[in-house]
>>> print(open('protein-v6.cif').read())   # mmCIF, C-alpha atoms and all ligand atoms
data_upload
#
loop_
_atom_site.label_atom_id
_atom_site.label_comp_id
_atom_site.auth_asym_id
_atom_site.auth_seq_id
_atom_site.Cartn_x
_atom_site.Cartn_y
_atom_site.Cartn_z
CA MET A 1 98.04 111.25 97.46
CA PHE A 2 97.29 113.75 94.68
CA ILE A 3 95.65 111.39 92.17
CA LYS A 4 94.13 108.03 92.96
CA VAL A 5 92.76 105.83 90.18
CA GLU A 6 90.81 102.71 91.16
CA ASN A 7 89.75 100.00 88.70
CA LEU A 8 89.22 102.53 85.94
CA SER A 9 87.50 101.17 82.83
CA LYS A 10 86.35 102.66 79.55
CA ILE A 11 84.52 100.57 76.99
CA TYR A 12 83.70 101.60 73.43
CA LYS A 13 80.87 99.65 71.84
CA MET A 14 81.30 99.09 68.11
CA GLY A 15 78.20 97.34 66.84
CA GLN A 16 78.26 93.89 68.42
CA SER A 17 81.84 94.07 69.64
CA GLU A 18 83.35 96.19 72.38
CA ILE A 19 86.81 97.69 72.86
CA ARG A 20 88.17 97.85 76.38
CA ALA A 21 90.17 101.05 75.97
CA LEU A 22 90.89 100.96 79.72
CA ASP A 23 90.50 97.75 81.66
CA GLU A 24 90.51 97.96 85.48
CA VAL A 25 93.44 100.36 85.70
CA SER A 26 94.63 101.36 89.20
CA PHE A 27 97.52 103.59 90.31
CA GLU A 28 98.41 106.55 92.52
CA LEU A 29 100.33 109.71 91.60
CA GLU A 30 102.05 112.13 93.92
CA ARG A 31 101.77 115.89 93.67
CA GLY A 32 104.64 117.75 92.06
CA LYS A 33 106.12 114.83 90.15
CA ILE A 34 106.70 114.16 86.48
CA TYR A 35 105.30 110.95 84.98
CA THR A 36 105.53 109.50 81.50
CA VAL A 37 102.81 107.30 80.04
CA ILE A 38 103.99 104.86 77.39
CA GLY A 39 102.55 101.95 75.44
CA PRO A 40 101.76 100.92 71.88
CA SER A 41 99.30 102.74 69.67
CA GLY A 42 95.76 102.00 70.85
CA SER A 43 96.82 100.95 74.36
CA GLY A 44 94.59 103.54 76.06
CA LYS A 45 96.93 106.45 76.79
CA THR A 46 94.76 109.20 75.34
CA THR A 47 91.62 107.65 76.82
CA LEU A 48 93.28 107.78 80.25
CA PHE A 49 94.20 111.46 79.75
CA ASN A 50 90.70 112.34 78.62
CA ILE A 51 89.27 110.91 81.82
CA LEU A 52 91.96 112.38 84.13
CA GLY A 53 91.43 115.76 82.45
CA GLY A 54 87.65 115.66 82.79
CA LEU A 55 87.10 115.61 79.01
CA ASP A 56 85.48 112.19 79.02
CA ARG A 57 83.71 109.90 81.44
CA ALA A 58 84.63 106.47 82.73
CA ASP A 59 82.41 103.40 82.43
CA GLY A 60 83.72 101.88 85.65
CA GLY A 61 86.01 102.63 88.56
CA ARG A 62 86.82 105.85 90.36
CA VAL A 63 89.27 108.74 90.03
CA PHE A 64 90.10 111.04 92.92
CA VAL A 65 92.06 114.28 92.48
CA ASP A 66 92.93 116.08 95.71
CA ASP A 67 90.44 113.78 97.47
CA LYS A 68 87.63 114.95 95.17
CA GLU A 69 86.00 112.18 93.17
CA ILE A 70 85.91 113.47 89.60
CA THR A 71 84.12 110.33 88.41
CA ALA A 72 81.15 111.31 90.62
CA MET A 73 80.90 114.91 89.38
CA ASP A 74 78.03 116.18 87.27
CA GLN A 75 78.85 117.96 83.99
CA LYS A 76 78.99 121.40 85.59
CA ARG A 77 81.38 120.41 88.37
CA LEU A 78 83.48 118.43 85.92
CA SER A 79 83.93 121.46 83.70
CA GLU A 80 84.87 123.54 86.77
CA TYR A 81 87.41 120.87 87.68
CA ARG A 82 88.82 120.98 84.13
CA ARG A 83 89.00 124.76 84.21
CA ASP A 84 90.59 125.07 87.64
CA TYR A 85 92.83 122.01 87.84
CA VAL A 86 94.01 120.97 84.40
CA GLY A 87 96.19 122.34 81.60
CA PHE A 88 96.47 120.46 78.30
CA VAL A 89 99.32 120.36 75.80
CA PHE A 90 98.75 118.49 72.51
CA GLN A 91 101.00 117.15 69.76
CA PHE A 92 99.72 119.65 67.18
CA PHE A 93 99.54 122.63 69.58
CA ASN A 94 95.80 123.37 69.03
CA LEU A 95 96.24 127.13 69.28
CA ILE A 96 93.44 129.41 68.09
CA ASN A 97 94.59 130.64 64.67
CA GLY A 98 92.53 133.84 64.69
CA LEU A 99 94.10 135.06 67.95
CA THR A 100 97.60 136.42 68.52
CA VAL A 101 100.06 134.68 70.82
CA TYR A 102 99.15 137.09 73.61
CA GLU A 103 95.41 136.61 73.07
CA ASN A 104 95.75 132.83 73.02
CA VAL A 105 97.37 132.90 76.44
CA LEU A 106 95.11 135.68 77.79
CA SER A 107 91.94 133.78 76.85
CA SER A 108 93.17 130.83 78.88
CA ALA A 109 94.07 133.08 81.85
CA GLN A 110 90.57 134.58 81.76
CA LEU A 111 89.07 131.14 82.31
CA SER A 112 91.02 130.59 85.49
CA LYS A 113 90.12 131.50 89.05
CA ASN A 114 93.73 132.16 89.97
CA PRO A 115 95.74 132.92 86.81
CA LEU A 116 99.39 133.86 86.56
CA ASP A 117 100.49 137.07 84.84
CA VAL A 118 100.34 136.61 81.05
CA ASP A 119 103.52 138.61 80.33
CA MET A 120 105.47 136.75 83.01
CA VAL A 121 104.48 133.40 81.50
CA LEU A 122 105.24 134.52 77.91
CA LYS A 123 108.67 135.60 79.10
CA MET A 124 109.21 132.34 80.94
CA VAL A 125 108.55 130.27 77.80
CA GLY A 126 110.66 132.61 75.66
CA VAL A 127 108.03 133.91 73.22
CA GLU A 128 107.62 137.40 74.64
CA SER A 129 108.96 139.02 71.46
CA GLU A 130 106.42 137.09 69.36
CA LYS A 131 103.39 138.10 71.40
CA ASP A 132 101.64 140.09 68.64
CA LYS A 133 102.16 137.41 66.00
CA PHE A 134 99.61 134.81 64.93
CA PRO A 135 100.30 131.08 65.40
CA PHE A 136 100.90 130.51 61.64
CA GLU A 137 103.80 132.98 61.78
CA LEU A 138 105.65 130.83 64.33
CA SER A 139 107.75 127.67 64.05
CA GLY A 140 106.37 124.43 65.52
CA GLY A 141 108.68 124.74 68.52
CA GLN A 142 107.50 128.30 69.19
CA GLN A 143 103.86 127.25 68.84
CA GLN A 144 104.38 124.49 71.37
CA ARG A 145 105.95 126.99 73.77
CA VAL A 146 102.85 129.16 73.40
CA ALA A 147 100.69 126.10 74.04
CA ILE A 148 102.66 125.43 77.22
CA ALA A 149 102.19 129.08 78.23
CA ARG A 150 98.45 128.67 77.64
CA ALA A 151 98.39 125.65 79.96
CA VAL A 152 100.67 127.18 82.62
CA VAL A 153 98.95 130.60 82.84
CA LYS A 154 95.90 128.93 84.39
CA ASN A 155 98.15 127.93 87.28
CA PRO A 156 96.79 124.37 87.21
CA ALA A 157 97.83 121.63 89.62
CA LEU A 158 98.02 119.15 86.74
CA ILE A 159 99.34 119.44 83.18
CA LEU A 160 98.56 116.64 80.71
CA CYS A 161 100.82 116.55 77.65
CA ASP A 162 99.83 114.21 74.81
CA GLU A 163 102.95 113.64 72.64
CA PRO A 164 104.22 117.21 73.23
CA THR A 165 107.36 116.62 71.16
CA GLY A 166 105.77 114.33 68.57
CA ALA A 167 105.72 116.98 65.84
CA LEU A 168 108.99 118.72 66.72
CA ASP A 169 112.63 118.44 65.67
CA TYR A 170 115.30 117.43 68.17
CA ASP A 171 116.32 120.91 69.35
CA SER A 172 112.75 122.15 69.73
CA SER A 173 111.85 118.95 71.58
CA LYS A 174 114.69 119.49 74.02
CA LEU A 175 113.54 123.07 74.65
CA VAL A 176 109.99 121.91 75.30
CA LEU A 177 111.17 119.23 77.74
CA LYS A 178 113.33 121.75 79.59
CA LEU A 179 110.36 124.07 79.81
CA LEU A 180 108.12 121.36 81.26
CA GLU A 181 110.84 120.62 83.81
CA ASP A 182 111.09 124.35 84.68
CA VAL A 183 107.31 124.55 85.17
CA ASN A 184 107.36 121.48 87.39
CA LYS A 185 110.17 122.94 89.53
CA LYS A 186 108.88 126.50 89.70
CA PHE A 187 105.19 125.85 90.37
CA GLY A 188 105.20 122.27 91.71
CA THR A 189 102.87 121.27 88.89
CA THR A 190 102.27 117.56 88.46
CA ILE A 191 103.06 116.76 84.82
CA LEU A 192 102.04 113.69 82.84
CA ILE A 193 103.59 113.17 79.42
CA ILE A 194 102.34 110.64 76.88
CA THR A 195 105.24 109.73 74.64
CA HIS A 196 106.51 107.19 72.15
CA ASN A 197 110.05 108.45 72.85
CA LEU A 198 111.31 106.21 75.65
CA ALA A 199 114.27 108.53 76.38
CA ILE A 200 111.84 111.06 77.90
CA SER A 201 111.10 108.60 80.72
CA LYS A 202 114.61 109.21 82.02
CA MET A 203 113.58 112.70 83.22
CA ALA A 204 110.40 111.38 84.86
CA ASP A 205 109.94 110.30 88.47
CA ALA A 206 108.00 107.25 87.30
CA THR A 207 106.60 105.67 84.15
CA LEU A 208 103.25 104.02 83.53
CA ARG A 209 103.15 101.46 80.74
CA LEU A 210 99.80 100.55 79.19
CA ARG A 211 99.07 97.63 76.91
CA SER A 212 95.61 96.74 75.53
CA GLY A 213 93.93 98.97 78.11
CA LYS A 214 95.76 97.44 81.08
CA LEU A 215 98.43 99.03 83.24
CA VAL A 216 101.21 96.46 82.83
CA GLU A 217 103.99 98.36 84.59
CA PHE A 218 104.42 101.24 87.03
CA SER A 219 108.13 101.84 87.46
CA GLU A 220 109.72 104.44 89.69
CA ASN A 221 112.89 106.02 88.33
CA PRO A 222 115.51 106.36 91.07
CA HIS A 223 118.07 107.67 88.55
CA LYS A 224 116.10 110.62 87.22
CA ILE A 225 118.18 112.91 84.97
CA SER A 226 117.59 116.52 83.93
CA ALA A 227 115.81 117.42 80.70
CA GLN A 228 119.11 118.83 79.47
CA GLU A 229 120.77 115.42 79.86
CA VAL A 230 118.05 113.53 77.99
CA THR A 231 119.26 112.53 74.51
CA TRP A 232 118.07 110.19 71.77
N1 LIG A 301 85.78 107.47 70.35
C1 LIG A 301 86.15 106.19 70.19
N2 LIG A 301 85.30 105.27 69.66
C2 LIG A 301 85.67 104.00 69.52
N3 LIG A 301 86.87 103.49 69.88
C3 LIG A 301 87.76 104.36 70.41
C4 LIG A 301 87.45 105.74 70.59
N4 LIG A 301 88.54 106.35 71.14
C5 LIG A 301 89.47 105.39 71.27
N5 LIG A 301 89.01 104.19 70.85
C6 LIG A 301 89.74 102.92 70.88
O1 LIG A 301 90.20 102.73 72.21
C7 LIG A 301 91.51 102.16 72.21
C8 LIG A 301 92.46 103.07 72.97
O2 LIG A 301 92.64 104.28 72.21
P1 LIG A 301 93.60 105.47 72.70
O3 LIG A 301 93.47 106.57 71.71
O4 LIG A 301 93.32 105.77 74.12
O5 LIG A 301 95.05 104.79 72.57
P2 LIG A 301 96.48 105.47 72.60
O6 LIG A 301 97.34 104.59 73.44
O7 LIG A 301 96.37 106.89 73.01
O8 LIG A 301 96.94 105.38 71.07
P3 LIG A 301 97.92 106.33 70.21
O9 LIG A 301 99.30 106.11 70.74
O10 LIG A 301 97.75 105.82 68.82
O11 LIG A 301 97.43 107.73 70.37
C9 LIG A 301 91.89 101.96 70.74
O12 LIG A 301 91.57 100.62 70.39
C10 LIG A 301 91.00 102.94 70.01
O13 LIG A 301 90.72 102.50 68.71
#
>>> encode(input="protein-v6.cif", output="structure tokens")
Amino acid sequence: MFIKVENLSKIYKMGQSEIRALDEVSFELERGKIYTVIGPSGSGKTTLFNILGGLDRADGGRVFVDDKEITAMDQKRLSEYRRDYVGFVFQFFNLINGLTVYENVLSSAQLSKNPLDVDMVLKMVGVESEKDKFPFELSGGQQQRVAIARAVVKNPALILCDEPTGALDYDSSKLVLKLLEDVNKKFGTTILIITHNLAISKMADATLRLRSGKLVEFSENPHKISAQEVTW
């Protein structure tokens, strides 16, 4: 099993009251699959990603990635885990505005122990001809493709995408989904996608549904369709 989550909890204390952002969540994920994570606003999706990605710490429970317990790692090992294992893609791209497209992707490659070739990845995502431009010169769809390149160039085992199509029009969203599917097929990357667009679950191998910090459903998708076939 690639990822094993056992009784994971995260509690935010707000004065006297506390919010159980994650409440005893348990599941297992296989390597090389695509998963969607759905649930209402505030159900714990981003909190789960932050812990799986080593950006935040749990208050209870355990997370294993490749048999390594990330919940037991000290800060140094956790940042090594984040660097070597995880790529992130966000709704609003989060590119570095002062760097060109090429430099954005290169700076990510330089962090990795085993990076892919920057030009190969820029070509793969279709922004090769924009490589000397700055993020503000690109459309949202192009910026998201650069953000995917930045995640992929690290050659991570896991890519976490938080609403990757949330700020994009239909055609750009479809391109981004196709690209995530290509990455999954070409490199065997495990991909998790937080989304409010339920149609995206049709291209996933399984879907996790959160509600009020609890995992209320884990459904396999035996009728997976291609990103190209996904419509809404
Ligand atoms: N840093 C924080 N301090 C206090 N409460 C927080 C913090 N981060 C998240 N929460 C709370 O934890 C709960 C889960 O939040 P989270 O962002 O994980 O939900 P989400 O499902 O990703 O929501 P959305 O779809 O709106 O992004 C919410 O009630 C939220 O208000």
>>> axis_aligned_box(input="protein-v6.cif", around="ligand LIG 301 (chain A)", padding_each_side="8 Å", output="lines of an AutoDock Vina configuration file")
center_x = 92.3
center_y = 104.2
center_z = 71.4
size_x = 30.0
size_y = 23.1
size_z = 21.4
>>> residues_near_point(input="protein-v6.cif", point="(109.9, 122.2, 67.2)", cutoff="10 Å", atoms="only C-alpha atoms", output="PyMOL selection string")
chain A and resi 139-145+164-176
>>> closest_residue(input="protein-v6.cif", among="A:Lys76, A:Arg31, A:Arg82, A:Lys154", to="Val105 of chain A", atoms="all atoms listed in the file")
A:Lys154
>>> closest_residue(input="protein-v6.cif", among="A:Phe64, A:Tyr35, A:Phe27, A:Phe49", to="ligand LIG 301 (chain A)", atoms="only C-alpha atoms and all ligand atoms")
A:Phe49
>>> closest_residue(input="protein-v6.cif", among="A:Thr36, A:Ser17, A:Ser43, A:Ser9", to="Gly213 of chain A", atoms="all atoms listed in the file")
A:Ser43
>>> residues_near_ligand(input="protein-v6.cif", ligand="ligand LIG 301 (chain A)", cutoff="7 Å", atoms="all atoms listed in the file", output="MDAnalysis selection string")
chainID A and resid 12:14 19:21 39:48 213
>>> closest_residue(input="protein-v6.cif", among="A:Asn50, A:Gln91, A:Thr231, A:Ser129", to="Cys161 of chain A", atoms="all atoms listed in the file")
A:Gln91
>>> atom_distance(input="protein-v6.cif", atom1="atom CA of Ile193 of chain A", atom2="atom CA of Glu163 of chain A")
6.8 Å
>>> residues_near_point(input="protein-v6.cif", point="(100.3, 117.8, 79.9)", cutoff="7 Å", atoms="all atoms listed in the file", output="PyMOL selection string")
chain A and resi 87-89+159-162+191-193
>>> atom_distance(input="protein-v6.cif", atom1="atom CA of His223 of chain A", atom2="atom CA of Leu208 of chain A")
16.1 Å
>>> closest_residue(input="protein-v6.cif", among="A:Tyr81, A:Trp232, A:Phe218, A:Phe90", to="Ile194 of chain A", atoms="only C-alpha atoms")
A:Phe90
>>> closest_residue(input="protein-v6.cif", among="A:Tyr102, A:Asp66, A:Lys113, A:Met73", to="Glu128 of chain A", atoms="only C-alpha atoms")
A:Tyr102
>>> residues_around(input="protein-v6.cif", residues="segment 53-55 of chain A", least_positions_apart="6", cutoff="7 Å", atoms="all atoms listed in the file", output="list in words")
Leu78, Ser79, Arg82 and Val86 of chain A
>>> build_atoms(input="protein-v6.cif", residues="segment 128-139 of chain A", atoms="all heavy atoms", output="compact mmCIF listing (two decimals), keeping the file's coordinate frame")
# COMPACT_ATOMS: atom_id res chain seq x y z
N GLU A 128 108.05 136.03 74.35
CA GLU A 128 107.62 137.40 74.64
C GLU A 128 107.70 138.30 73.40
O GLU A 128 106.78 139.08 73.13
CB GLU A 128 108.59 137.92 75.69
CG GLU A 128 108.13 138.97 76.59
CD GLU A 128 109.36 139.48 77.34
OE1 GLU A 128 110.50 139.06 77.02
OE2 GLU A 128 109.16 140.29 78.24
N SER A 129 108.78 138.14 72.62
CA SER A 129 108.96 139.02 71.46
C SER A 129 108.04 138.65 70.31
O SER A 129 107.94 139.38 69.32
CB SER A 129 110.42 138.99 71.00
OG SER A 129 110.79 137.66 70.76
N GLU A 130 107.34 137.53 70.43
CA GLU A 130 106.42 137.09 69.36
C GLU A 130 104.97 137.34 69.76
O GLU A 130 104.05 136.85 69.10
CB GLU A 130 106.57 135.58 69.08
CG GLU A 130 107.96 135.02 69.18
CD GLU A 130 108.89 135.55 68.11
OE1 GLU A 130 108.39 135.83 67.01
OE2 GLU A 130 110.08 135.72 68.39
N LYS A 131 104.73 138.10 70.81
CA LYS A 131 103.39 138.10 71.40
C LYS A 131 102.30 138.67 70.49
O LYS A 131 101.13 138.35 70.66
CB LYS A 131 103.37 138.73 72.78
CG LYS A 131 103.59 140.20 72.84
CD LYS A 131 103.64 140.58 74.31
CE LYS A 131 103.36 142.03 74.49
NZ LYS A 131 103.34 142.40 75.90
N ASP A 132 102.67 139.53 69.53
CA ASP A 132 101.64 140.09 68.64
C ASP A 132 101.51 139.31 67.33
O ASP A 132 100.73 139.70 66.45
CB ASP A 132 101.95 141.56 68.37
CG ASP A 132 101.84 142.39 69.65
OD1 ASP A 132 100.94 142.07 70.46
OD2 ASP A 132 102.66 143.29 69.86
N LYS A 133 102.26 138.23 67.21
CA LYS A 133 102.16 137.41 66.00
C LYS A 133 101.01 136.41 66.12
O LYS A 133 100.53 136.11 67.22
CB LYS A 133 103.46 136.65 65.77
CG LYS A 133 104.62 137.57 65.39
CD LYS A 133 105.81 136.76 64.93
CE LYS A 133 106.93 137.68 64.49
NZ LYS A 133 108.22 137.01 64.51
N PHE A 134 100.62 135.87 64.96
CA PHE A 134 99.61 134.81 64.93
C PHE A 134 100.31 133.45 64.87
O PHE A 134 101.45 133.37 64.40
CB PHE A 134 98.68 135.02 63.73
CG PHE A 134 97.78 136.21 63.89
CD1 PHE A 134 98.18 137.47 63.44
CD2 PHE A 134 96.55 136.08 64.55
CE1 PHE A 134 97.36 138.58 63.63
CE2 PHE A 134 95.73 137.18 64.74
CZ PHE A 134 96.14 138.43 64.28
N PRO A 135 99.64 132.39 65.34
CA PRO A 135 100.30 131.08 65.40
C PRO A 135 100.97 130.67 64.08
O PRO A 135 102.08 130.13 64.10
CB PRO A 135 99.15 130.13 65.76
CG PRO A 135 98.24 130.98 66.58
CD PRO A 135 98.31 132.36 65.96
N PHE A 136 100.33 130.97 62.92
CA PHE A 136 100.90 130.51 61.64
C PHE A 136 102.23 131.21 61.31
O PHE A 136 102.97 130.76 60.45
CB PHE A 136 99.89 130.68 60.50
CG PHE A 136 99.61 132.11 60.14
CD1 PHE A 136 100.42 132.79 59.22
CD2 PHE A 136 98.53 132.79 60.71
CE1 PHE A 136 100.16 134.12 58.90
CE2 PHE A 136 98.28 134.11 60.39
CZ PHE A 136 99.09 134.78 59.49
N GLU A 137 102.53 132.28 62.02
CA GLU A 137 103.80 132.98 61.78
C GLU A 137 104.95 132.39 62.61
O GLU A 137 106.08 132.86 62.51
CB GLU A 137 103.63 134.47 62.13
CG GLU A 137 102.61 135.18 61.25
CD GLU A 137 102.44 136.64 61.63
OE1 GLU A 137 101.71 136.91 62.62
OE2 GLU A 137 103.03 137.50 60.97
N LEU A 138 104.64 131.40 63.42
CA LEU A 138 105.65 130.83 64.33
C LEU A 138 106.10 129.45 63.86
O LEU A 138 105.36 128.74 63.17
CB LEU A 138 105.07 130.69 65.74
CG LEU A 138 104.48 131.92 66.40
CD1 LEU A 138 103.97 131.55 67.79
CD2 LEU A 138 105.51 133.04 66.49
N SER A 139 107.30 129.04 64.30
CA SER A 139 107.75 127.67 64.05
C SER A 139 106.96 126.72 64.96
O SER A 139 106.31 127.16 65.93
CB SER A 139 109.24 127.55 64.38
OG SER A 139 109.43 127.68 65.78
